[in-house]
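Worksheet: one structure, shown below.
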Amino acid sequence: MKYIFVTGGVVSSLGKGLAASSLGTLLEHRGLKVIMQKFDPYLNIDPGTMNPYEHGEVYVLDDGAETDLDLGHYERFTHTNLSKLNNLTSGQVYSTVLEKERAGKYQGSTVQVIPHVTNEIKARVHEVAEKMGGDVIITEIGGTVGDIEGLPFLEAIRQFGHEVGHGNVLYIHTTLVPYIKAAGELKTKPTQQSIAKLREIGIGPHIILCRTEMPLDADVRHKISLFCNVPIEAVIEVRDVKHSIYEVPLKLHEERLDDMVCKFLELPTPQPDLTSWRKFVQRVIHPTHHARIGVVGKYIELQDAYKSIYEALTHAGAANDCKVDIVRIDAESIEKAGPDLYLNGLQGILIPGGFGDRGTEGKIAAARYARENCIPFFGVCLGMQIAVIEYARNVCGLTGASSLEFDKGTPHPVISLMEEQKKVINLGGTMRLGTWVTDLLAGSKAYDLYQSATITERHRHRYEFNSDYKETLESNGLVISGTSPNGELAEIVEIPTHPFFVACQFHPEFLSKPNHPHPIFHGFVKAAMNHHGTPPPTC
Ligand code: GLN
């Protein structure tokens with residue numbers, strides 16, 4: 001097993017996760033089995049309780065772990081099989097250490113950051129290596145070098161490198177090489193200082209990934225090589241990609257990153273065959289068709305809040321040879337100005353997951369607009385709950401129908417709290433999480449999309465369709481096309497008379513990959529592409 005640690009310096013948001021994932025892609029294409037993991041130095045046990053404004057999307061794994069969104073990149077860029085083991089936070093480390101202390105496991109010693117916290121961090125790398133097997137583990141350390149809270153992680157990976165020895169461990173540091181317009185120059189000083197900071201801890205990176213807007217010329221490369229003590233080939237340019245994040249592995253390959261890594265770690269492997277990846281990128285960049293799809297949410301201004309949804313739309317677009325123009329619509333604006341202003345002319349409307357009542361009336365108006373105007377509609381998690389509320393109110397005549405999440409006093413709680421959720425006190429890690437099986441109704445749209453009678457999908461919700469209203473909604477035309485195997489929970493609803501109106505309680509966006517678009521996203525984008533504004537007569 002070989003170990004690669006990826007750190008970041010100068011500023012955050014450098015795309016460390018993407019760089020790490022892209023290296024994973026390249027190594028996989030060279031035939032290696034790659035494992036990816038992320039260390040996050042914050043004190044939350046996991047990001048599950050964090051606001052999207054703080055942290056962006058919470059990415060859910062098969063085993064129900066609520067993790068950092070970088071794990072989404074890992075799953076999309078590689079075939080690594082992730083579980084709760086693959087995302088370690090300071091919160092988890094400290095809580096384990098403190099539990100052990102209370103249990104007397106340290107046999108009277110003073111419990112300290114070094115060695116107890118650092119040992120716990122190192123143990124996780126070993127545990128992942130042992131349990132998952134493979135050729136290479138790529139571990140990304142969240143945060144920026146110089147952050148106080150990141151120190152135990154950096155010390156732990158330093159010790160780890162010392163223990164496994166030269167040739168088995170590789171340190172990659174990602175930095176920013178800013179372009180100063182007034183001087184017309186790229187500046188290497190921030191990189192030098194960030195490497196100096198890493199050296200203080202005892203880590204001398206072997207490879208430096210330089211984020212830059214401009215090409216790194218020979219002079220700049222030479223300077224970084226000399227002052228940061230790496231061979232010139234180890235100064236890797238990571239220029240902002242023009243069109244798509246999926247270009248990053250191709251760019252890194254042009255810079256010979258994978259060659260360097262394999263040489264250093266003594267992994268004799270052939271050049272990667274990137275043909276199918278290149279084809280996918282070409283389909284993303286130069287599609288024949290277009291579709292304008294509106295995403296109606298409440299964190300719309302935030303790039304990262306619906307990351308997997310946007311990626312899944314891109315994958316489905318590529319499979320349909322279609323560029324998806326995503327129009328981000330703030331649900332509260334719809335509440336103020338009505339849906340027509342924002343939704344008119346769209347070829348598809350998607351309502352993603354969410355929590356709390358802000359913007360819900362705007363989302364309900366959007367679902368109604370899609371239903372009444374025959375615009376392809378896709379509801380995800382909260383989006384399904386919204387679709388059910390809208391149908392209950394405006395088709396079944398259940399005035400005031402709502403979810404108990406937003407309106408405790410609603411006369412018609414068509415979305416209510418799941419039985420097992422009623423006793424839950426703590427908020428962290430207590431939702432219905434992870435993979436659950438859904439049975440599909442033969443002859444339904446869902447069945448047609450999946451071409452299967454049973455599916456498994458990832459969940460993250462507390463509330464659900466209230467089965468007391470099943471009959472009313474069904475007799476008014478709503479079809480429950482996916483249920484839990486015992487038939488009790490509604491997992492997918494659809495309107496058969498509509499060209500495409502599908503909503504699911506789970507999060508299909510977490511299972512979409514570049515060359516394997518998710519079937520519902522695939523069908524939705526296809527329907528949007530074919531929607532030209534004239535409602536079909538059946539609708
Ligand atoms: N807030 C809703 C629930 O808890 C939906 C959750 C979601 O969209 N992820 O059930």
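In the structure tokens, chains take the letters A, B, ... in the order shown, each chain's residues start at 1, and ligands count up from 1 in the order shown.
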Subject >> Residues within 6 Å of ligand 1, counting only C-alpha atoms and all ligand atoms, as a ChimeraX atom specification >> reply: /A:353-355,381-382,460-464
**OP:** Skip A:Leu27 itself and residues of its chain fewer than 4 positions away, then list as a VMD selection string all residues within 12 Å of it, counting only C-alpha atoms.
**Re:** chain A and resid 2 4 20 to 23 31 to 36 77 to 80 134 to 138 249 252 to 253 256 to 263 265 267 to 274
Subject >> Test item: residues at most 12 Å from A:Thr275, only C-alpha atoms, excluding those fewer than 3 positions along its chain, as JSON, numbers by chain >> reply: {"A": [26, 29, 250, 271, 272, 278, 279, 280, 281, 282, 515]}
Subject >> strand (DSSP E or B) per DSSP on the backbone: members of stretch 108-227 of chain A, as a PyMOL selection string >> reply: chain A and resi 136-141+169-176+179-180+185-186+207-212
Original post:
For A:Ala312, which residue among A:Pro508, A:Pro178, A:Gly9, A:Gly383 is the nearest when counting only C-alpha atoms?
Top reply: A:Pro508
Per-residue nearest contacts stretch 345-448 of chain A to stretch 471-487 of chain A, cut-off 6 Å, using only C-alpha atoms, as JSON lines:
```
{"residue": "A:Thr438", "atom": "CA", "partner": "A:Ser484", "partner_atom": "CA", "distance": 4.8}
{"residue": "A:Asp439", "atom": "CA", "partner": "A:Thr483", "partner_atom": "CA", "distance": 5.4}
{"residue": "A:Leu440", "atom": "CA", "partner": "A:Gly482", "partner_atom": "CA", "distance": 4.5}
{"residue": "A:Leu441", "atom": "CA", "partner": "A:Ser481", "partner_atom": "CA", "distance": 4.9}
```
